>>> print(open('target-v7.pdb').read())   # PDB, C-alpha atoms
MODEL        1
ATOM      1  CA  MET T   1      -8.780 -26.177   0.427
ATOM      2  CA  THR T   2      -7.496 -26.093  -3.121
ATOM      3  CA  THR T   3      -8.550 -23.956  -5.999
ATOM      4  CA  ALA T   4      -8.520 -25.045  -9.597
ATOM      5  CA  LEU T   5      -9.222 -22.812 -12.543
ATOM      6  CA  SER T   6     -11.434 -20.088 -11.124
ATOM      7  CA  HIS T   7     -13.850 -17.468 -12.281
ATOM      8  CA  ILE T   8     -15.322 -14.439 -10.552
ATOM      9  CA  MET T   9     -18.271 -15.502  -8.422
ATOM     10  CA  PRO T  10     -20.690 -12.832  -7.201
ATOM     11  CA  PRO T  11     -21.234 -13.055  -3.429
ATOM     12  CA  PRO T  12     -24.616 -14.223  -2.137
ATOM     13  CA  GLN T  13     -27.076 -11.515  -1.147
ATOM     14  CA  ASP T  14     -28.587 -13.575   1.686
ATOM     15  CA  ALA T  15     -26.889 -13.805   5.070
ATOM     16  CA  ILE T  16     -24.469 -16.696   5.395
ATOM     17  CA  PRO T  17     -22.655 -17.917   8.505
ATOM     18  CA  LEU T  18     -19.118 -16.734   9.133
ATOM     19  CA  PRO T  19     -16.515 -19.437   8.592
ATOM     20  CA  GLN T  20     -14.843 -21.001  11.606
ATOM     21  CA  SER T  21     -11.067 -21.345  11.541
ATOM     22  CA  LYS T  22      -9.537 -24.803  11.539
ATOM     23  CA  ALA T  23      -6.017 -23.399  11.863
ATOM     24  CA  PRO T  24      -4.088 -24.719  14.872
ATOM     25  CA  LEU T  25      -2.601 -21.270  15.600
ATOM     26  CA  THR T  26      -3.357 -17.616  15.024
ATOM     27  CA  LEU T  27      -1.069 -15.662  12.744
ATOM     28  CA  THR T  28       0.189 -12.357  14.131
ATOM     29  CA  GLY T  29       0.098 -10.414  10.845
ATOM     30  CA  TRP T  30       2.202  -9.931   7.746
ATOM     31  CA  ASP T  31       5.864 -10.851   7.891
ATOM     32  CA  HIS T  32       6.809  -9.045   4.685
ATOM     33  CA  ILE T  33       5.558  -8.188   1.230
ATOM     34  CA  ALA T  34       7.570  -8.716  -1.941
ATOM     35  CA  PHE T  35       7.338  -7.409  -5.472
ATOM     36  CA  SER T  36       9.630  -6.737  -8.413
ATOM     37  CA  VAL T  37      11.223  -3.567  -9.682
ATOM     38  CA  PRO T  38      13.340  -3.174 -12.833
ATOM     39  CA  ASP T  39      16.115  -1.138 -11.147
ATOM     40  CA  LEU T  40      17.197  -1.938  -7.573
ATOM     41  CA  VAL T  41      19.356   1.182  -7.174
ATOM     42  CA  ALA T  42      16.588   3.527  -8.322
ATOM     43  CA  ALA T  43      13.995   1.651  -6.229
ATOM     44  CA  GLU T  44      16.179   1.804  -3.124
ATOM     45  CA  ARG T  45      16.709   5.522  -3.622
ATOM     46  CA  TRP T  46      12.981   6.185  -4.208
ATOM     47  CA  TYR T  47      11.762   4.218  -1.193
ATOM     48  CA  VAL T  48      14.391   5.774   1.108
ATOM     49  CA  GLU T  49      13.989   9.358  -0.123
ATOM     50  CA  VAL T  50      10.214   9.391  -0.615
ATOM     51  CA  LEU T  51       8.883   7.013   2.076
ATOM     52  CA  GLY T  52      11.717   7.135   4.622
ATOM     53  CA  ALA T  53      12.563   3.440   4.282
ATOM     54  CA  GLU T  54      15.625   1.957   5.938
ATOM     55  CA  VAL T  55      17.795  -0.445   3.925
ATOM     56  CA  VAL T  56      18.055  -3.717   5.871
ATOM     57  CA  GLY T  57      20.015  -5.822   3.400
ATOM     58  CA  ARG T  58      21.194  -6.168  -0.192
ATOM     59  CA  TYR T  59      21.441  -9.674  -1.622
ATOM     60  CA  ASN T  60      23.474 -10.637  -4.693
ATOM     61  CA  TRP T  61      24.286  -7.017  -5.482
ATOM     62  CA  GLY T  62      25.963  -4.037  -3.832
ATOM     63  CA  GLY T  63      28.823  -6.149  -2.456
ATOM     64  CA  ASP T  64      26.952  -9.356  -1.592
ATOM     65  CA  THR T  65      27.386 -12.373  -3.870
ATOM     66  CA  SER T  66      26.540 -15.269  -1.571
ATOM     67  CA  HIS T  67      22.740 -15.245  -1.338
ATOM     68  CA  PRO T  68      20.992 -18.291  -2.852
ATOM     69  CA  VAL T  69      18.187 -16.206  -4.404
ATOM     70  CA  GLY T  70      18.343 -13.680  -7.257
ATOM     71  CA  PRO T  71      19.254 -10.017  -6.698
ATOM     72  CA  HIS T  72      16.961  -8.274  -4.262
ATOM     73  CA  GLU T  73      16.941  -6.158  -1.141
ATOM     74  CA  ASP T  74      14.962  -5.787   2.029
ATOM     75  CA  ILE T  75      13.853  -2.385   3.242
ATOM     76  CA  ARG T  76      11.999  -1.543   6.432
ATOM     77  CA  ILE T  77       9.090   0.874   6.504
ATOM     78  CA  GLY T  78       7.933   1.290  10.082
ATOM     79  CA  ALA T  79       7.810  -2.208  11.550
ATOM     80  CA  HIS T  80       7.384  -3.930   8.187
ATOM     81  CA  ILE T  81       9.792  -5.426   5.664
ATOM     82  CA  VAL T  82       9.370  -4.928   1.925
ATOM     83  CA  SER T  83      11.464  -7.198  -0.310
ATOM     84  CA  LEU T  84      12.252  -5.626  -3.678
ATOM     85  CA  PHE T  85      13.282  -8.216  -6.269
ATOM     86  CA  LEU T  86      14.946  -7.440  -9.576
ATOM     87  CA  GLY T  87      12.480  -8.163 -12.359
ATOM     88  CA  GLU T  88       9.626  -6.870 -14.446
ATOM     89  CA  PRO T  89       7.120  -4.949 -12.344
ATOM     90  CA  LEU T  90       3.569  -6.259 -12.324
ATOM     91  CA  GLU T  91       1.041  -4.142 -14.120
ATOM     92  CA  ALA T  92      -0.938  -1.903 -11.817
ATOM     93  CA  ALA T  93      -4.155  -3.487 -10.616
ATOM     94  CA  PRO T  94      -7.280  -2.748 -12.632
ATOM     95  CA  PRO T  95     -10.065  -0.741 -10.999
ATOM     96  CA  PRO T  96     -11.404  -0.917  -8.378
ATOM     97  CA  ARG T  97      -7.870  -0.628  -6.912
ATOM     98  CA  LEU T  98      -7.822  -4.233  -5.724
ATOM     99  CA  PHE T  99      -4.102  -4.896  -5.343
ATOM    100  CA  HIS T 100      -2.125  -2.391  -3.329
ATOM    101  CA  TYR T 101       0.073  -2.072  -0.265
ATOM    102  CA  ALA T 102      -1.110   0.189   2.533
ATOM    103  CA  PHE T 103       1.070   1.873   5.127
ATOM    104  CA  ASN T 104      -0.335   3.442   8.258
ATOM    105  CA  CYS T 105       0.295   6.822   9.798
ATOM    106  CA  ARG T 106      -0.947   7.807  13.229
ATOM    107  CA  THR T 107      -2.634  11.211  12.823
ATOM    108  CA  LEU T 108      -4.134  13.565  10.272
ATOM    109  CA  GLU T 109      -1.238  15.918  10.923
ATOM    110  CA  GLU T 110       1.151  13.130   9.866
ATOM    111  CA  SER T 111      -1.025  12.497   6.793
ATOM    112  CA  ASP T 112      -0.813  16.203   5.929
ATOM    113  CA  ALA T 113       2.967  16.056   6.301
ATOM    114  CA  TRP T 114       3.100  12.982   4.017
ATOM    115  CA  ARG T 115       0.958  14.772   1.443
ATOM    116  CA  ALA T 116       3.270  17.797   1.486
ATOM    117  CA  HIS T 117       6.280  15.488   1.235
ATOM    118  CA  LEU T 118       4.836  13.632  -1.775
ATOM    119  CA  GLU T 119       4.234  17.004  -3.448
ATOM    120  CA  ARG T 120       7.816  18.129  -2.777
ATOM    121  CA  GLN T 121       9.081  14.826  -4.218
ATOM    122  CA  GLY T 122       6.953  15.269  -7.342
ATOM    123  CA  VAL T 123       4.897  12.145  -6.641
ATOM    124  CA  PRO T 124       1.329  12.421  -8.018
ATOM    125  CA  TYR T 125      -1.276  11.225  -5.522
ATOM    126  CA  GLN T 126      -5.024  11.002  -5.035
ATOM    127  CA  GLY T 127      -6.621  12.133  -1.817
ATOM    128  CA  PRO T 128      -7.227  12.611   0.897
ATOM    129  CA  MET T 129     -10.064  10.162   0.398
ATOM    130  CA  ALA T 130     -12.532   9.026   3.074
ATOM    131  CA  HIS T 131     -13.845   5.445   2.900
ATOM    132  CA  PRO T 132     -17.635   5.022   3.145
ATOM    133  CA  GLY T 133     -18.618   2.920   6.122
ATOM    134  CA  PHE T 134     -15.522   3.286   8.276
ATOM    135  CA  GLY T 135     -13.180   5.905   9.651
ATOM    136  CA  ALA T 136     -10.153   5.963   7.374
ATOM    137  CA  VAL T 137      -8.630   8.766   5.313
ATOM    138  CA  SER T 138      -6.119   7.708   2.650
ATOM    139  CA  LEU T 139      -3.610   9.031   0.163
ATOM    140  CA  TYR T 140      -3.060   6.872  -2.945
ATOM    141  CA  PHE T 141      -0.028   6.920  -5.229
ATOM    142  CA  THR T 142       2.273   4.596  -7.135
ATOM    143  CA  ASP T 143       5.977   3.962  -7.064
ATOM    144  CA  PRO T 144       7.789   4.666 -10.348
ATOM    145  CA  TRP T 145       7.099   1.082 -11.505
ATOM    146  CA  GLY T 146       3.336   1.126 -11.023
ATOM    147  CA  THR T 147       3.031  -0.569  -7.619
ATOM    148  CA  ARG T 148      -0.036   0.938  -5.971
ATOM    149  CA  LEU T 149       0.611   2.317  -2.505
ATOM    150  CA  GLU T 150      -1.605   3.861   0.166
ATOM    151  CA  ILE T 151      -1.008   5.804   3.348
ATOM    152  CA  ALA T 152      -4.020   5.311   5.626
ATOM    153  CA  THR T 153      -4.949   7.220   8.764
ATOM    154  CA  TRP T 154      -7.605   5.687  11.005
ATOM    155  CA  LEU T 155     -10.086   7.948  12.775
ATOM    156  CA  SER T 156     -12.989   7.225  15.103
ATOM    157  CA  ASP T 157     -15.774   6.930  12.504
ATOM    158  CA  PHE T 158     -16.864   7.704   8.952
ATOM    159  CA  ALA T 159     -18.368  11.123   9.737
ATOM    160  CA  THR T 160     -15.052  12.265  11.229
ATOM    161  CA  ALA T 161     -13.107  10.851   8.279
ATOM    162  CA  GLN T 162     -15.443  12.445   5.743
ATOM    163  CA  ALA T 163     -15.177  15.856   7.408
ATOM    164  CA  ALA T 164     -11.383  15.596   7.596
ATOM    165  CA  ALA T 165     -11.023  14.575   3.934
ATOM    166  CA  VAL T 166     -13.344  17.318   2.664
ATOM    167  CA  GLN T 167     -11.712  19.955   4.903
ATOM    168  CA  ARG T 168      -8.376  19.064   3.279
ATOM    169  CA  GLY T 169      -9.737  19.318  -0.272
ATOM    170  CA  GLY T 170     -10.409  15.601  -0.628
ATOM    171  CA  ALA T 171     -13.515  13.556  -1.199
ATOM    172  CA  VAL T 172     -15.351  10.332  -0.371
ATOM    173  CA  TRP T 173     -14.810   7.213  -2.503
ATOM    174  CA  GLY T 174     -17.774   6.571  -4.779
ATOM    175  CA  GLN T 175     -19.610   9.803  -3.963
ATOM    176  CA  THR T 176     -17.667  12.220  -6.144
ATOM    177  CA  GLU T 177     -14.876  12.357  -8.672
ATOM    178  CA  ARG T 178     -11.431  11.622  -7.336
ATOM    179  CA  PRO T 179      -9.257  14.692  -6.887
ATOM    180  CA  SER T 180      -6.545  15.197  -9.471
ATOM    181  CA  PRO T 181      -3.148  13.787  -8.524
ATOM    182  CA  GLY T 182      -0.783  16.199  -6.801
TER     183      GLY T 182
ENDMDL
END
>>> encode(input="target-v7.pdb", output="structure tokens")
Amino acid sequence: MTTALSHIMPPPQDAIPLPQSKAPLTLTGWDHIAFSVPDLVAAERWYVEVLGAEVVGRYNWGGDTSHPVGPHEDIRIGAHIVSLFLGEPLEAAPPPRLFHYAFNCRTLEESDAWRAHLERQGVPYQGPMAHPGFGAVSLYFTDPWGTRLEIATWLSDFATAQAAAVQRGGAVWGQTERPSPG
């Protein structure tokens, strides 16, 4: 399947069959995500101090000069690798928040701890926000270069998520104004 010049196509309103995979294997998930930041030292510091990332490797900076690709680094957040490349950051995605990277936390108590941590770090955020139709409560924020980030907590159903978000001073996407950051 190739795509040429494209335009936004509204989805059909009638039911259509689900596509059947022709792939010979099943992928197990994301290997890593990569984006650019204008300052690797500041980005490393922010991701370690604010999100608890672990530095896995520095390439073509910080003592390494042998990597065949431009300056970047790999950090680990949970089980996932984020590659930060030196370069101009992409502009933040236009509404409705299409392009973002979501991390997961296990419980609402962890989400509350993350929210308190973001506040202590001076990171503006939106949330907690419940998602209509399924049981997730999320915090939304950006890194200093405009990359949209999310911390999602999955609950049993929408009613539980809605109650949890509202109890914590949050809201439901699309049903009310977003809470002010931080």
>>> resolve_selection(input="target-v7.pdb", expression="the PyMOL selection byres ((chain T and resi 114) around 12)", output="PyMOL selection string")
chain T and resi 50-52+103-113+115-121+123+125+127-128+138-141+150-153+182
>>> write_last_selection(input="target-v7.pdb", atoms="C-alpha atoms", output="short mmCIF file (atom, residue, chain, number, x, y, z; two decimals), in the coordinates of the input")
data_model
loop_
_atom_site.label_atom_id
_atom_site.label_comp_id
_atom_site.auth_asym_id
_atom_site.auth_seq_id
_atom_site.Cartn_x
_atom_site.Cartn_y
_atom_site.Cartn_z
CA VAL T 50 10.21 9.39 -0.62
CA LEU T 51 8.88 7.01 2.08
CA GLY T 52 11.72 7.14 4.62
CA PHE T 103 1.07 1.87 5.13
CA ASN T 104 -0.34 3.44 8.26
CA CYS T 105 0.30 6.82 9.80
CA ARG T 106 -0.95 7.81 13.23
CA THR T 107 -2.63 11.21 12.82
CA LEU T 108 -4.13 13.56 10.27
CA GLU T 109 -1.24 15.92 10.92
CA GLU T 110 1.15 13.13 9.87
CA SER T 111 -1.02 12.50 6.79
CA ASP T 112 -0.81 16.20 5.93
CA ALA T 113 2.97 16.06 6.30
CA ARG T 115 0.96 14.77 1.44
CA ALA T 116 3.27 17.80 1.49
CA HIS T 117 6.28 15.49 1.24
CA LEU T 118 4.84 13.63 -1.78
CA GLU T 119 4.23 17.00 -3.45
CA ARG T 120 7.82 18.13 -2.78
CA GLN T 121 9.08 14.83 -4.22
CA VAL T 123 4.90 12.14 -6.64
CA TYR T 125 -1.28 11.22 -5.52
CA GLY T 127 -6.62 12.13 -1.82
CA PRO T 128 -7.23 12.61 0.90
CA SER T 138 -6.12 7.71 2.65
CA LEU T 139 -3.61 9.03 0.16
CA TYR T 140 -3.06 6.87 -2.94
CA PHE T 141 -0.03 6.92 -5.23
CA GLU T 150 -1.60 3.86 0.17
CA ILE T 151 -1.01 5.80 3.35
CA ALA T 152 -4.02 5.31 5.63
CA THR T 153 -4.95 7.22 8.76
CA GLY T 182 -0.78 16.20 -6.80
#
>>> resolve_selection(input="target-v7.pdb", expression="the PyMOL selection byres ((chain T and resi 33) around 8)", output="mmCIF file with C-alpha atoms, in the coordinates of the input")
data_model
loop_
_atom_site.group_PDB
_atom_site.id
_atom_site.type_symbol
_atom_site.label_atom_id
_atom_site.label_comp_id
_atom_site.auth_asym_id
_atom_site.auth_seq_id
_atom_site.Cartn_x
_atom_site.Cartn_y
_atom_site.Cartn_z
ATOM 1 C CA TRP T 30 2.202 -9.931 7.746
ATOM 2 C CA ASP T 31 5.864 -10.851 7.891
ATOM 3 C CA HIS T 32 6.809 -9.045 4.685
ATOM 4 C CA ALA T 34 7.570 -8.716 -1.941
ATOM 5 C CA PHE T 35 7.338 -7.409 -5.472
ATOM 6 C CA ILE T 81 9.792 -5.426 5.664
ATOM 7 C CA VAL T 82 9.370 -4.928 1.925
ATOM 8 C CA SER T 83 11.464 -7.198 -0.310
#
>>> atom_distance(input="target-v7.pdb", atom1="atom CA of T:Ala161", atom2="atom CA of T:Arg148")
21.7 Å
>>> closest_residue(input="target-v7.pdb", among="T:Glu73, T:Asp39, T:Glu54, T:Glu44", to="T:Gly87", atoms="all atoms listed in the file")
T:Asp39
>>> atom_distance(input="target-v7.pdb", atom1="atom CA of T:Gly174", atom2="atom CA of T:His100")
18.1 Å
>>> closest_residue(input="target-v7.pdb", among="T:Val69, T:Ile75, T:Ala53, T:Leu86", to="T:Leu40", atoms="all atoms listed in the file")
T:Leu86
>>> atom_distance(input="target-v7.pdb", atom1="atom CA of T:Phe85", atom2="atom CA of T:Leu149")
16.9 Å
>>> closest_residue(input="target-v7.pdb", among="T:Ser66, T:Ser21, T:Thr28, T:Thr147", to="T:Leu84", atoms="all atoms listed in the file")
T:Thr147
